[in-house]
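Enquirer: My structure file upload.cif, mmCIF, C-alpha atoms, is below:
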data_protein
#
loop_
_atom_site.group_PDB
_atom_site.id
_atom_site.type_symbol
_atom_site.label_atom_id
_atom_site.label_comp_id
_atom_site.auth_asym_id
_atom_site.auth_seq_id
_atom_site.Cartn_x
_atom_site.Cartn_y
_atom_site.Cartn_z
ATOM 1 C CA MET A 1 -19.751 -98.896 -49.175
ATOM 2 C CA GLY A 2 -16.916 -100.948 -50.656
ATOM 3 C CA ASP A 3 -15.044 -100.505 -53.900
ATOM 4 C CA ARG A 4 -17.474 -99.531 -56.669
ATOM 5 C CA ARG A 5 -14.935 -100.763 -59.217
ATOM 6 C CA ARG A 6 -14.767 -104.311 -57.869
ATOM 7 C CA PRO A 7 -16.977 -106.910 -59.586
ATOM 8 C CA SER A 8 -19.957 -107.700 -57.385
ATOM 9 C CA LYS A 9 -20.291 -110.877 -55.329
ATOM 10 C CA LYS A 10 -23.287 -111.718 -57.502
ATOM 11 C CA MET A 11 -20.957 -112.211 -60.486
ATOM 12 C CA ALA A 12 -18.036 -113.671 -58.489
ATOM 13 C CA SER A 13 -15.693 -115.740 -60.632
ATOM 14 C CA ASP A 14 -16.471 -118.859 -58.576
ATOM 15 C CA ASN A 15 -20.245 -118.335 -58.808
ATOM 16 C CA PRO A 16 -21.688 -121.385 -60.659
ATOM 17 C CA SER A 17 -24.158 -119.250 -62.612
ATOM 18 C CA TYR A 18 -21.445 -116.822 -63.710
ATOM 19 C CA LYS A 19 -19.020 -119.626 -64.547
ATOM 20 C CA GLY A 20 -21.648 -121.242 -66.750
ATOM 21 C CA ARG A 21 -22.447 -118.032 -68.618
ATOM 22 C CA ILE A 22 -18.832 -117.009 -69.143
ATOM 23 C CA LYS A 23 -18.105 -120.468 -70.537
ATOM 24 C CA GLN A 24 -21.040 -120.032 -72.929
ATOM 25 C CA GLU A 25 -19.530 -116.686 -73.954
ATOM 26 C CA ALA A 26 -16.179 -118.307 -74.710
ATOM 27 C CA ASP A 27 -17.870 -121.189 -76.550
ATOM 28 C CA PHE A 28 -19.895 -118.743 -78.655
ATOM 29 C CA TRP A 29 -16.762 -117.047 -80.003
ATOM 30 C CA ASP A 30 -14.879 -120.345 -80.283
ATOM 31 C CA GLU A 31 -17.637 -121.706 -82.515
ATOM 32 C CA ARG A 32 -17.567 -118.632 -84.723
ATOM 33 C CA ALA A 33 -13.799 -118.928 -85.177
ATOM 34 C CA ALA A 34 -14.148 -122.644 -85.924
ATOM 35 C CA ALA A 35 -16.654 -121.936 -88.723
ATOM 36 C CA PHE A 36 -14.173 -119.704 -90.500
ATOM 37 C CA LEU A 37 -11.225 -122.028 -89.950
ATOM 38 C CA ALA A 38 -13.302 -124.773 -91.553
ATOM 39 C CA SER A 39 -13.932 -122.572 -94.602
ATOM 40 C CA GLY A 40 -10.250 -122.632 -95.508
ATOM 41 C CA ARG A 41 -10.235 -118.845 -96.000
ATOM 42 C CA THR A 42 -8.851 -115.919 -94.024
ATOM 43 C CA PRO A 43 -11.676 -113.515 -93.117
ATOM 44 C CA LEU A 44 -11.145 -109.853 -92.264
ATOM 45 C CA TRP A 45 -11.338 -110.457 -88.532
ATOM 46 C CA PHE A 46 -8.368 -112.865 -88.765
ATOM 47 C CA ASP A 47 -6.161 -110.497 -90.783
ATOM 48 C CA HIS A 48 -7.425 -107.180 -92.143
ATOM 49 C CA ARG A 49 -4.874 -107.033 -94.963
ATOM 50 C CA ARG A 50 -5.356 -110.615 -96.147
ATOM 51 C CA GLY A 51 -9.127 -110.704 -95.626
ATOM 52 C CA GLN A 52 -11.017 -112.869 -98.121
ATOM 53 C CA ASP A 53 -14.683 -113.057 -99.050
ATOM 54 C CA VAL A 54 -16.590 -115.527 -96.839
ATOM 55 C CA THR A 55 -20.131 -114.568 -97.829
ATOM 56 C CA PHE A 56 -20.885 -118.187 -98.745
ATOM 57 C CA ILE A 57 -20.932 -119.139 -95.037
ATOM 58 C CA PRO A 58 -24.503 -119.447 -93.634
ATOM 59 C CA LEU A 59 -25.726 -116.397 -91.707
ATOM 60 C CA ASP A 60 -26.147 -118.332 -88.452
ATOM 61 C CA GLN A 61 -22.448 -119.238 -88.546
ATOM 62 C CA LEU A 62 -21.487 -115.652 -89.368
ATOM 63 C CA ARG A 63 -22.991 -114.836 -85.959
ATOM 64 C CA GLY A 64 -24.114 -111.311 -86.776
ATOM 65 C CA ALA A 65 -21.003 -110.369 -88.749
ATOM 66 C CA GLY A 66 -22.592 -110.417 -92.196
ATOM 67 C CA LEU A 67 -21.135 -107.116 -93.408
ATOM 68 C CA ARG A 68 -17.590 -108.139 -92.488
ATOM 69 C CA ALA A 69 -17.947 -111.256 -94.631
ATOM 70 C CA ASN A 70 -17.517 -108.973 -97.663
ATOM 71 C CA PRO A 71 -14.110 -107.205 -97.513
ATOM 72 C CA VAL A 72 -14.989 -104.703 -100.261
ATOM 73 C CA LEU A 73 -18.140 -103.454 -98.505
ATOM 74 C CA TYR A 74 -16.549 -103.495 -95.068
ATOM 75 C CA ARG A 75 -13.540 -101.428 -96.097
ATOM 76 C CA ALA A 76 -15.740 -98.975 -98.014
ATOM 77 C CA ILE A 77 -17.849 -98.304 -94.913
ATOM 78 C CA PHE A 78 -15.417 -98.800 -92.023
ATOM 79 C CA GLY A 79 -12.032 -98.112 -93.642
ATOM 80 C CA GLU A 80 -11.811 -94.427 -92.724
ATOM 81 C CA MET A 81 -12.756 -95.086 -89.095
ATOM 82 C CA ILE A 82 -10.249 -97.947 -88.765
ATOM 83 C CA ASP A 83 -7.444 -95.792 -90.176
ATOM 84 C CA TYR A 84 -8.352 -93.044 -87.698
ATOM 85 C CA MET A 85 -8.206 -95.440 -84.742
ATOM 86 C CA LEU A 86 -4.900 -96.922 -85.877
ATOM 87 C CA LYS A 87 -3.343 -93.487 -86.387
ATOM 88 C CA GLU A 88 -4.457 -92.213 -82.983
ATOM 89 C CA ALA A 89 -3.470 -95.385 -81.128
ATOM 90 C CA SER A 90 0.019 -95.532 -82.681
ATOM 91 C CA GLN A 91 0.823 -91.811 -82.575
ATOM 92 C CA LYS A 92 3.211 -92.357 -79.666
ATOM 93 C CA LYS A 93 5.192 -95.562 -80.089
ATOM 94 C CA GLY A 94 5.280 -98.001 -77.206
ATOM 95 C CA PHE A 95 2.851 -100.499 -75.697
ATOM 96 C CA ALA A 96 -0.813 -100.787 -76.646
ATOM 97 C CA LEU A 97 -3.598 -102.990 -75.289
ATOM 98 C CA ASP A 98 -6.412 -104.449 -77.407
ATOM 99 C CA LEU A 99 -9.327 -105.443 -75.160
ATOM 100 C CA GLY A 100 -11.525 -108.202 -76.563
ATOM 101 C CA CYS A 101 -9.071 -108.646 -79.421
ATOM 102 C CA GLY A 102 -10.866 -111.669 -80.893
ATOM 103 C CA ALA A 103 -8.714 -113.270 -83.602
ATOM 104 C CA GLY A 104 -6.318 -110.337 -83.345
ATOM 105 C CA TRP A 105 -6.829 -108.442 -86.601
ATOM 106 C CA PHE A 106 -6.653 -104.976 -84.994
ATOM 107 C CA SER A 107 -3.743 -105.980 -82.739
ATOM 108 C CA LEU A 108 -1.941 -107.181 -85.847
ATOM 109 C CA GLU A 109 -2.538 -103.853 -87.587
ATOM 110 C CA LEU A 110 -1.255 -101.937 -84.553
ATOM 111 C CA ALA A 111 1.895 -104.072 -84.577
ATOM 112 C CA ARG A 112 2.309 -103.246 -88.273
ATOM 113 C CA TRP A 113 2.140 -99.589 -87.268
ATOM 114 C CA GLY A 114 5.093 -100.166 -84.933
ATOM 115 C CA MET A 115 3.329 -100.823 -81.606
ATOM 116 C CA ASN A 116 4.050 -103.562 -79.059
ATOM 117 C CA VAL A 117 0.573 -104.980 -78.507
ATOM 118 C CA ASP A 118 -1.049 -107.070 -75.797
ATOM 119 C CA GLY A 119 -4.312 -108.653 -76.936
ATOM 120 C CA PHE A 120 -6.774 -110.185 -74.439
ATOM 121 C CA ASP A 121 -9.893 -112.199 -75.214
ATOM 122 C CA ILE A 122 -12.191 -114.747 -73.538
ATOM 123 C CA SER A 123 -12.061 -117.207 -76.470
ATOM 124 C CA PRO A 124 -9.170 -119.718 -76.434
ATOM 125 C CA LEU A 125 -9.648 -120.596 -80.096
ATOM 126 C CA GLN A 126 -9.652 -116.961 -81.215
ATOM 127 C CA ILE A 127 -6.453 -116.359 -79.259
ATOM 128 C CA ALA A 128 -4.903 -119.416 -80.939
ATOM 129 C CA VAL A 129 -5.920 -117.977 -84.327
ATOM 130 C CA ALA A 130 -4.439 -114.581 -83.389
ATOM 131 C CA LYS A 131 -1.100 -116.191 -82.567
ATOM 132 C CA LYS A 132 -1.180 -118.115 -85.841
ATOM 133 C CA MET A 133 -1.947 -114.983 -87.884
ATOM 134 C CA ALA A 134 0.866 -113.031 -86.193
ATOM 135 C CA LYS A 135 3.360 -115.840 -86.844
ATOM 136 C CA GLU A 136 2.331 -116.107 -90.490
ATOM 137 C CA SER A 137 2.636 -112.335 -90.903
ATOM 138 C CA GLU A 138 6.105 -112.203 -89.370
ATOM 139 C CA GLU A 139 7.326 -115.104 -91.519
ATOM 140 C CA SER A 140 5.726 -113.873 -94.751
ATOM 141 C CA SER A 141 7.866 -112.742 -97.664
ATOM 142 C CA ASP A 142 5.328 -109.977 -98.345
ATOM 143 C CA PRO A 143 6.739 -106.788 -96.742
ATOM 144 C CA ALA A 144 3.253 -105.266 -96.578
ATOM 145 C CA LEU A 145 2.362 -107.803 -93.881
ATOM 146 C CA HIS A 146 5.146 -106.964 -91.454
ATOM 147 C CA VAL A 147 6.563 -103.540 -92.337
ATOM 148 C CA ASP A 148 7.672 -101.710 -89.154
ATOM 149 C CA PHE A 149 6.376 -104.718 -87.216
ATOM 150 C CA GLY A 150 6.355 -104.294 -83.461
ATOM 151 C CA ARG A 151 5.316 -107.190 -81.244
ATOM 152 C CA THR A 152 2.135 -109.064 -80.376
ATOM 153 C CA ASN A 153 1.387 -110.920 -77.153
ATOM 154 C CA TYR A 154 -1.964 -112.681 -76.782
ATOM 155 C CA ASP A 155 -3.619 -114.232 -73.746
ATOM 156 C CA VAL A 156 -6.976 -115.716 -72.747
ATOM 157 C CA VAL A 157 -8.421 -113.304 -70.161
ATOM 158 C CA ASP A 158 -11.810 -112.661 -68.563
ATOM 159 C CA LEU A 159 -11.987 -108.868 -68.760
ATOM 160 C CA ASN A 160 -14.488 -108.795 -65.899
ATOM 161 C CA TRP A 161 -11.650 -109.759 -63.541
ATOM 162 C CA VAL A 162 -8.528 -108.563 -65.330
ATOM 163 C CA THR A 163 -5.680 -106.884 -63.423
ATOM 164 C CA LEU A 164 -3.531 -104.632 -65.599
ATOM 165 C CA GLU A 165 0.002 -103.377 -65.111
ATOM 166 C CA LYS A 166 0.226 -99.795 -63.879
ATOM 167 C CA ASN A 167 1.350 -97.037 -66.275
ATOM 168 C CA LYS A 168 2.267 -99.459 -69.077
ATOM 169 C CA TYR A 169 0.271 -98.435 -72.159
ATOM 170 C CA GLU A 170 0.345 -95.476 -74.505
ATOM 171 C CA ALA A 171 -3.069 -96.544 -75.804
ATOM 172 C CA VAL A 172 -5.872 -98.914 -74.850
ATOM 173 C CA VAL A 173 -8.337 -99.810 -77.616
ATOM 174 C CA SER A 174 -11.556 -101.790 -77.803
ATOM 175 C CA LEU A 175 -13.710 -102.576 -80.811
ATOM 176 C CA GLY A 176 -17.069 -103.979 -79.799
ATOM 177 C CA ALA A 177 -16.007 -105.743 -76.584
ATOM 178 C CA LEU A 178 -16.927 -103.352 -73.763
ATOM 179 C CA HIS A 179 -20.685 -103.836 -74.069
ATOM 180 C CA HIS A 180 -20.125 -107.543 -73.283
ATOM 181 C CA ILE A 181 -18.484 -106.788 -69.920
ATOM 182 C CA GLN A 182 -20.570 -107.104 -66.773
ATOM 183 C CA GLY A 183 -17.864 -105.760 -64.459
ATOM 184 C CA LEU A 184 -17.441 -102.537 -66.406
ATOM 185 C CA ASP A 185 -16.609 -100.336 -63.383
ATOM 186 C CA HIS A 186 -13.727 -102.634 -62.476
ATOM 187 C CA LEU A 187 -12.445 -102.788 -66.060
ATOM 188 C CA PHE A 188 -12.522 -99.001 -66.525
ATOM 189 C CA GLY A 189 -10.561 -98.552 -63.301
ATOM 190 C CA GLU A 190 -7.954 -100.999 -64.582
ATOM 191 C CA ILE A 191 -7.784 -99.270 -67.977
ATOM 192 C CA LYS A 192 -7.134 -95.934 -66.294
ATOM 193 C CA LYS A 193 -4.496 -97.458 -64.025
ATOM 194 C CA SER A 194 -2.712 -99.095 -66.958
ATOM 195 C CA LEU A 195 -2.473 -95.976 -69.127
ATOM 196 C CA LYS A 196 0.521 -93.694 -68.961
ATOM 197 C CA SER A 197 -0.005 -90.002 -68.287
ATOM 198 C CA GLY A 198 -1.809 -88.578 -71.307
ATOM 199 C CA GLY A 199 -2.440 -92.072 -72.683
ATOM 200 C CA LYS A 200 -5.393 -92.632 -75.001
ATOM 201 C CA PHE A 201 -8.480 -94.781 -74.560
ATOM 202 C CA ILE A 202 -10.034 -95.387 -77.989
ATOM 203 C CA PHE A 203 -13.199 -97.379 -78.557
ATOM 204 C CA TYR A 204 -15.910 -98.258 -81.039
ATOM 205 C CA GLU A 205 -18.874 -99.629 -79.099
ATOM 206 C CA TRP A 206 -22.584 -100.322 -79.008
ATOM 207 C CA VAL A 207 -24.337 -98.100 -76.438
ATOM 208 C CA GLY A 208 -27.998 -98.636 -77.357
ATOM 209 C CA TYR A 209 -30.832 -96.732 -78.999
ATOM 210 C CA HIS A 210 -32.380 -93.650 -77.385
ATOM 211 C CA GLY A 211 -35.236 -91.261 -78.177
ATOM 212 C CA LEU A 212 -36.484 -91.276 -81.749
ATOM 213 C CA SER A 213 -33.727 -93.712 -82.670
ATOM 214 C CA ARG A 214 -35.817 -96.467 -81.062
ATOM 215 C CA LEU A 215 -37.888 -96.464 -84.264
ATOM 216 C CA PHE A 216 -35.108 -98.369 -85.983
ATOM 217 C CA PRO A 217 -35.194 -101.526 -83.825
ATOM 218 C CA ALA A 218 -38.918 -101.701 -84.618
ATOM 219 C CA LEU A 219 -38.014 -101.594 -88.310
ATOM 220 C CA PHE A 220 -35.420 -104.341 -87.849
ATOM 221 C CA HIS A 221 -37.964 -106.469 -85.969
ATOM 222 C CA ALA A 222 -40.462 -106.127 -88.812
ATOM 223 C CA VAL A 223 -37.839 -107.051 -91.423
ATOM 224 C CA GLY A 224 -36.609 -109.926 -89.264
ATOM 225 C CA SER A 225 -40.129 -111.279 -88.825
ATOM 226 C CA LEU A 226 -40.631 -111.304 -92.589
ATOM 227 C CA LEU A 227 -37.345 -113.132 -93.079
ATOM 228 C CA LYS A 228 -38.236 -115.705 -90.411
ATOM 229 C CA PHE A 229 -41.590 -116.271 -92.078
ATOM 230 C CA TRP A 230 -39.818 -116.789 -95.403
ATOM 231 C CA ALA A 231 -37.409 -119.255 -93.749
ATOM 232 C CA TRP A 232 -40.372 -121.110 -92.233
ATOM 233 C CA LEU A 233 -41.999 -121.380 -95.652
ATOM 234 C CA ARG A 234 -38.780 -122.880 -96.957
ATOM 235 C CA LYS A 235 -38.678 -125.197 -93.919
ATOM 236 C CA GLY A 236 -35.195 -124.103 -93.019
ATOM 237 C CA LYS A 237 -33.310 -125.649 -90.136
ATOM 238 C CA GLY A 238 -33.128 -123.929 -86.767
ATOM 239 C CA ARG A 239 -30.299 -121.471 -86.421
ATOM 240 C CA LEU A 240 -27.498 -121.279 -83.947
ATOM 241 C CA LEU A 241 -27.458 -118.508 -81.373
ATOM 242 C CA ILE A 242 -26.718 -115.218 -83.189
ATOM 243 C CA ALA A 243 -25.974 -113.090 -80.103
ATOM 244 C CA SER A 244 -23.583 -114.019 -77.304
ATOM 245 C CA PRO A 245 -24.835 -114.534 -73.705
ATOM 246 C CA PHE A 246 -23.366 -111.187 -72.580
ATOM 247 C CA GLU A 247 -24.465 -109.181 -75.627
ATOM 248 C CA GLY A 248 -25.303 -105.578 -74.661
ATOM 249 C CA ILE A 249 -25.106 -106.198 -70.913
ATOM 250 C CA SER A 250 -23.331 -102.882 -70.168
ATOM 251 C CA GLY A 251 -23.564 -100.852 -73.368
ATOM 252 C CA GLU A 252 -25.631 -98.001 -71.943
ATOM 253 C CA ARG A 253 -23.023 -97.277 -69.228
ATOM 254 C CA ILE A 254 -19.978 -96.922 -71.463
ATOM 255 C CA ILE A 255 -20.255 -93.190 -72.154
ATOM 256 C CA ASP A 256 -21.000 -92.262 -68.524
ATOM 257 C CA LEU A 257 -18.066 -94.317 -67.238
ATOM 258 C CA THR A 258 -15.729 -92.841 -69.843
ATOM 259 C CA ARG A 259 -16.672 -89.339 -68.762
ATOM 260 C CA ARG A 260 -16.190 -90.301 -65.109
ATOM 261 C CA GLU A 261 -12.757 -91.856 -65.507
ATOM 262 C CA PHE A 262 -11.225 -89.935 -68.428
ATOM 263 C CA SER A 263 -11.214 -86.681 -70.315
ATOM 264 C CA LEU A 264 -13.522 -87.415 -73.264
ATOM 265 C CA GLU A 265 -12.133 -85.557 -76.279
ATOM 266 C CA MET A 266 -14.254 -86.936 -79.128
ATOM 267 C CA LEU A 267 -17.522 -88.850 -79.399
ATOM 268 C CA GLN A 268 -19.408 -89.643 -82.609
ATOM 269 C CA HIS A 269 -22.669 -91.576 -82.867
ATOM 270 C CA LYS A 270 -22.802 -93.927 -85.848
ATOM 271 C CA PHE A 271 -24.947 -96.355 -87.803
ATOM 272 C CA LEU A 272 -28.640 -96.066 -87.119
ATOM 273 C CA PHE A 273 -29.456 -98.950 -89.449
ATOM 274 C CA LEU A 274 -26.673 -99.680 -91.931
ATOM 275 C CA PRO A 275 -24.844 -102.813 -90.628
ATOM 276 C CA VAL A 276 -28.054 -104.505 -89.462
ATOM 277 C CA LEU A 277 -29.948 -103.833 -92.686
ATOM 278 C CA ILE A 278 -27.061 -105.007 -94.864
ATOM 279 C CA SER A 279 -26.902 -108.238 -92.862
ATOM 280 C CA GLN A 280 -30.650 -108.870 -92.701
ATOM 281 C CA LEU A 281 -31.219 -108.203 -96.402
ATOM 282 C CA ARG A 282 -28.047 -110.119 -97.366
ATOM 283 C CA ILE A 283 -26.788 -107.140 -99.387
ATOM 284 C CA TYR A 284 -23.237 -108.333 -98.696
ATOM 285 C CA ARG A 285 -23.939 -111.359 -100.920
ATOM 286 C CA LEU A 286 -24.967 -109.347 -103.984
ATOM 287 C CA HIS A 287 -22.637 -108.670 -106.901
ATOM 288 C CA ARG A 288 -20.212 -105.813 -106.240
ATOM 289 C CA ALA A 289 -21.594 -103.763 -109.128
ATOM 290 C CA PHE A 290 -24.872 -103.506 -107.231
ATOM 291 C CA SER A 291 -23.935 -103.986 -103.562
ATOM 292 C CA LEU A 292 -21.162 -101.366 -103.399
ATOM 293 C CA PRO A 293 -23.137 -98.351 -104.700
ATOM 294 C CA LEU A 294 -26.158 -99.446 -102.653
ATOM 295 C CA ALA A 295 -24.071 -99.738 -99.480
ATOM 296 C CA ARG A 296 -22.473 -96.337 -100.114
ATOM 297 C CA PHE A 297 -25.884 -94.739 -100.616
ATOM 298 C CA LEU A 298 -27.248 -96.328 -97.437
ATOM 299 C CA ASN A 299 -24.112 -95.209 -95.582
ATOM 300 C CA TRP A 300 -24.652 -91.622 -96.780
ATOM 301 C CA LEU A 301 -28.310 -91.757 -95.730
ATOM 302 C CA ASP A 302 -27.452 -93.220 -92.342
ATOM 303 C CA HIS A 303 -24.782 -90.572 -91.736
ATOM 304 C CA SER A 304 -27.117 -87.775 -92.849
ATOM 305 C CA LEU A 305 -29.817 -88.880 -90.402
ATOM 306 C CA ASN A 306 -27.250 -88.949 -87.602
ATOM 307 C CA GLN A 307 -26.127 -85.438 -88.519
ATOM 308 C CA THR A 308 -29.632 -83.981 -88.117
ATOM 309 C CA GLY A 309 -29.417 -84.314 -84.339
ATOM 310 C CA LEU A 310 -32.860 -85.912 -84.219
ATOM 311 C CA PHE A 311 -31.389 -89.406 -84.179
ATOM 312 C CA LYS A 312 -28.345 -90.868 -82.478
ATOM 313 C CA GLY A 313 -26.918 -94.129 -83.743
ATOM 314 C CA PRO A 314 -26.448 -96.899 -81.168
ATOM 315 C CA PHE A 315 -22.736 -97.207 -81.981
ATOM 316 C CA VAL A 316 -20.146 -94.668 -80.856
ATOM 317 C CA LEU A 317 -16.568 -93.907 -81.804
ATOM 318 C CA GLY A 318 -14.805 -92.348 -78.853
ATOM 319 C CA LEU A 319 -11.395 -91.002 -77.950
ATOM 320 C CA ALA A 320 -10.585 -90.202 -74.319
ATOM 321 C CA ARG A 321 -7.382 -89.429 -72.480
ATOM 322 C CA LYS A 322 -5.999 -90.135 -69.039
ATOM 323 C CA ASN A 323 -5.796 -86.763 -67.358
ATOM 324 C CA GLU A 324 -3.406 -86.728 -64.409
ATOM 325 C CA ASP A 325 -4.789 -83.380 -63.240
ATOM 326 C CA ARG A 326 -8.069 -85.086 -62.291
ATOM 327 C CA GLN A 327 -6.551 -87.883 -60.191
ATOM 328 C CA GLY A 328 -6.124 -85.824 -57.099
ATOM 329 C CA THR A 329 -9.840 -85.019 -56.978
ATOM 330 C CA GLU A 330 -11.050 -88.633 -57.245
#
Kindly transcribe the structure held in the file into C-alpha cells.
Expert:
Amino acid sequence: MGDRRRPSKKMASDNPSYKGRIKQEADFWDERAAAFLASGRTPLWFDHRRGQDVTFIPLDQLRGAGLRANPVLYRAIFGEMIDYMLKEASQKKGFALDLGCGAGWFSLELARWGMNVDGFDISPLQIAVAKKMAKESEESSDPALHVDFGRTNYDVVDLNWVTLEKNKYEAVVSLGALHHIQGLDHLFGEIKKSLKSGGKFIFYEWVGYHGLSRLFPALFHAVGSLLKFWAWLRKGKGRLLIASPFEGISGERIIDLTRREFSLEMLQHKFLFLPVLISQLRIYRLHRAFSLPLARFLNWLDHSLNQTGLFKGPFVLGLARKNEDRQGTE
C-alpha cells in the first residue's frame, strides 16, 4: 500500500502543475510582504512588539489580514491566546519549530521567551524580512525587544516535502499554515518524529465550518456581494487575489490527523464570524473609541455562540503532545 505519510506522486515536487502552484503560493506571500515593506511601517506580523497601524493599505493588498492591520484591535481579541501559546511552547527551554513562520513574528516572540527557534516558510521575501526583524531586535537598545533572547534560524522550505531532524524540538507550533499543506500526512509524521518525548504540538488553524455553523459563510457571502456591488457602483479597480492557491486545501483533516499522531490534550473552536466581519465591514479602520468596544462586543457574542454547543467556529486552538507510549502500537 506504500507509505501513507509520503506525498503522493500526483503532487510530486517535479510535477509541472505542482511546481506552478507552489510558485504561485510563494509569490502570493511575497507580494503581501512587499506591500508592507513599501508602506515604510512595521506591521504586527513583522514584529508583534513593534507592530504599527497599517489600516491605510488597500484591502486587496492586506490579503485577508484586515484585523491584524490594527494592533489595538488585534491584541484585544488575540492577545490572550497568543500569550497562552507562547507560555506553553516555551515552558521547557530548548529548541522550537515555527511552521509557516511568515515574516517571523511568532518565532521572534519565542526567542524573546528564551527559545532557540527554527522558522520555515515558502516565501523567500518573508524569510528575508524575518531575518531582518531578528537582527534589528538583537541590535536594538530597547531591552524589551531582546530580553532573554534565544536564537532564530530561518529557511525557505516547502512544508509538503520537509524532512525534520529526529527528537530535536521541545515544541512545534503553527499559526494558520497547516491548512495550506497538501501533503499533510507526511508533515504530521515529520512533526512527530522531530519532537522529543513529551514534546508539544501547538496550533491555531482553520478547519472549516460544520453543521449549523455553515449559516455563517452564507452571511459572509451576502455581505460580500453587497460590498462588491458598492465597489462596482464606485467603478473600483479589480482586486488582487485575496486567498492563496493552497488556501484551505487540508483544513478539515487537521483534527483527525492530530488525534491519530498525538495525544490531543486541548481543543477549542473559535471565531464563527468575528475576523471576517471586522475585515469585510472595515471596522478595523474606524476610530478606536468606536471600533474597540464594538470589536469586544462582537468577540463576546462570537464566543457566547461557540459556547452554546450549537455552533463550532471554523478555527481551532489545539495543544497535543508526543506520547511515547503509543509508538509501539503504530
Enquirer: What is the distance between atom CA of A:Asn306 and atom CA of A:Pro275, in Å to one decimal?
Expert: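 Distance reported for this atom pair: 14.4 Å.
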Enquirer: Which residues, named as in the file, does the PyMOL selection byres ((chain A and resi 25) around 9) pick out? Answer as a list in words.
Expert: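 This file gives the following for the PyMOL selection byres ((chain A and resi 25) around 9): Gly20, Arg21, Ile22, Lys23, Gln24, Ala26, Asp27, Phe28, Trp29, Asp30, Ile122, Ser123, Ser244, Pro245 and Phe246 of chain A.
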Enquirer: Residues at most 10 Å from A:Leu125, counting only C-alpha atoms, excluding those fewer than 4 positions away in the same chain, as a CSV table (one decimal) with C-alpha atoms, keeping the file's coordinate frame?
Expert:
chain,number,residue,atom,x,y,z
A,26,ALA,CA,-16.2,-118.3,-74.7
A,27,ASP,CA,-17.9,-121.2,-76.6
A,29,TRP,CA,-16.8,-117.0,-80.0
A,30,ASP,CA,-14.9,-120.3,-80.3
A,31,GLU,CA,-17.6,-121.7,-82.5
A,32,ARG,CA,-17.6,-118.6,-84.7
A,33,ALA,CA,-13.8,-118.9,-85.2
A,34,ALA,CA,-14.1,-122.6,-85.9
A,102,GLY,CA,-10.9,-111.7,-80.9
A,103,ALA,CA,-8.7,-113.3,-83.6
A,121,ASP,CA,-9.9,-112.2,-75.2
A,129,VAL,CA,-5.9,-118.0,-84.3
A,130,ALA,CA,-4.4,-114.6,-83.4
A,131,LYS,CA,-1.1,-116.2,-82.6
A,156,VAL,CA,-7.0,-115.7,-72.7
Enquirer: Just the number, please: distance in Å from atom CA of A:Ala171 to atom CA of A:Ser137, one decimal.
Expert: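 These atoms are spaced 22.6 Å apart.
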Enquirer: Using atom CA of A:Gly66 and atom CA of A:Met266 as the two end points, give the distance in Å to one decimal.
Expert: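 Interatomic distance, atom CA of A:Gly66 to atom CA of A:Met266: 28.1 Å.
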Enquirer: Just stretch 120-158 of chain A from the block, C-alpha atoms, as an mmCIF file, in the first residue's frame, could you?
Expert:
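Generated file (selection.cif):
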data_model
loop_
_atom_site.group_PDB
_atom_site.id
_atom_site.type_symbol
_atom_site.label_atom_id
_atom_site.label_comp_id
_atom_site.auth_asym_id
_atom_site.auth_seq_id
_atom_site.Cartn_x
_atom_site.Cartn_y
_atom_site.Cartn_z
ATOM 1 C CA PHE A 120 10.320 27.651 7.938
ATOM 2 C CA ASP A 121 8.214 29.280 5.236
ATOM 3 C CA ILE A 122 7.613 29.015 1.474
ATOM 4 C CA SER A 123 8.067 32.767 0.857
ATOM 5 C CA PRO A 124 11.657 33.950 0.248
ATOM 6 C CA LEU A 125 10.759 37.584 0.881
ATOM 7 C CA GLN A 126 9.009 36.828 4.172
ATOM 8 C CA ILE A 127 12.035 34.839 5.319
ATOM 9 C CA ALA A 128 14.273 37.784 4.378
ATOM 10 C CA VAL A 129 12.011 40.067 6.442
ATOM 11 C CA ALA A 130 12.141 37.626 9.380
ATOM 12 C CA LYS A 131 15.937 37.691 9.351
ATOM 13 C CA LYS A 132 15.909 41.486 9.195
ATOM 14 C CA MET A 133 13.481 41.779 12.126
ATOM 15 C CA ALA A 134 15.550 39.374 14.252
ATOM 16 C CA LYS A 135 18.755 41.302 13.514
ATOM 17 C CA GLU A 136 17.124 44.626 14.356
ATOM 18 C CA SER A 137 15.753 43.187 17.602
ATOM 19 C CA GLU A 138 19.111 41.794 18.688
ATOM 20 C CA GLU A 139 20.889 45.076 17.910
ATOM 21 C CA SER A 140 18.233 47.317 19.475
ATOM 22 C CA SER A 141 18.994 49.345 22.581
ATOM 23 C CA ASP A 142 15.464 48.608 23.824
ATOM 24 C CA PRO A 143 15.768 45.683 26.290
ATOM 25 C CA ALA A 144 12.104 44.793 25.767
ATOM 26 C CA LEU A 145 12.973 43.634 22.245
ATOM 27 C CA HIS A 146 15.641 41.115 23.182
ATOM 28 C CA VAL A 147 15.288 40.259 26.878
ATOM 29 C CA ASP A 148 16.243 36.595 27.482
ATOM 30 C CA PHE A 149 16.774 36.324 23.724
ATOM 31 C CA GLY A 150 17.439 32.824 22.465
ATOM 32 C CA ARG A 151 18.215 32.257 18.796
ATOM 33 C CA THR A 152 16.373 32.375 15.483
ATOM 34 C CA ASN A 153 17.209 30.428 12.337
ATOM 35 C CA TYR A 154 15.056 30.927 9.241
ATOM 36 C CA ASP A 155 14.924 28.994 5.983
ATOM 37 C CA VAL A 156 12.796 28.809 2.836
ATOM 38 C CA VAL A 157 11.121 25.378 2.945
ATOM 39 C CA ASP A 158 8.230 23.650 1.183
#
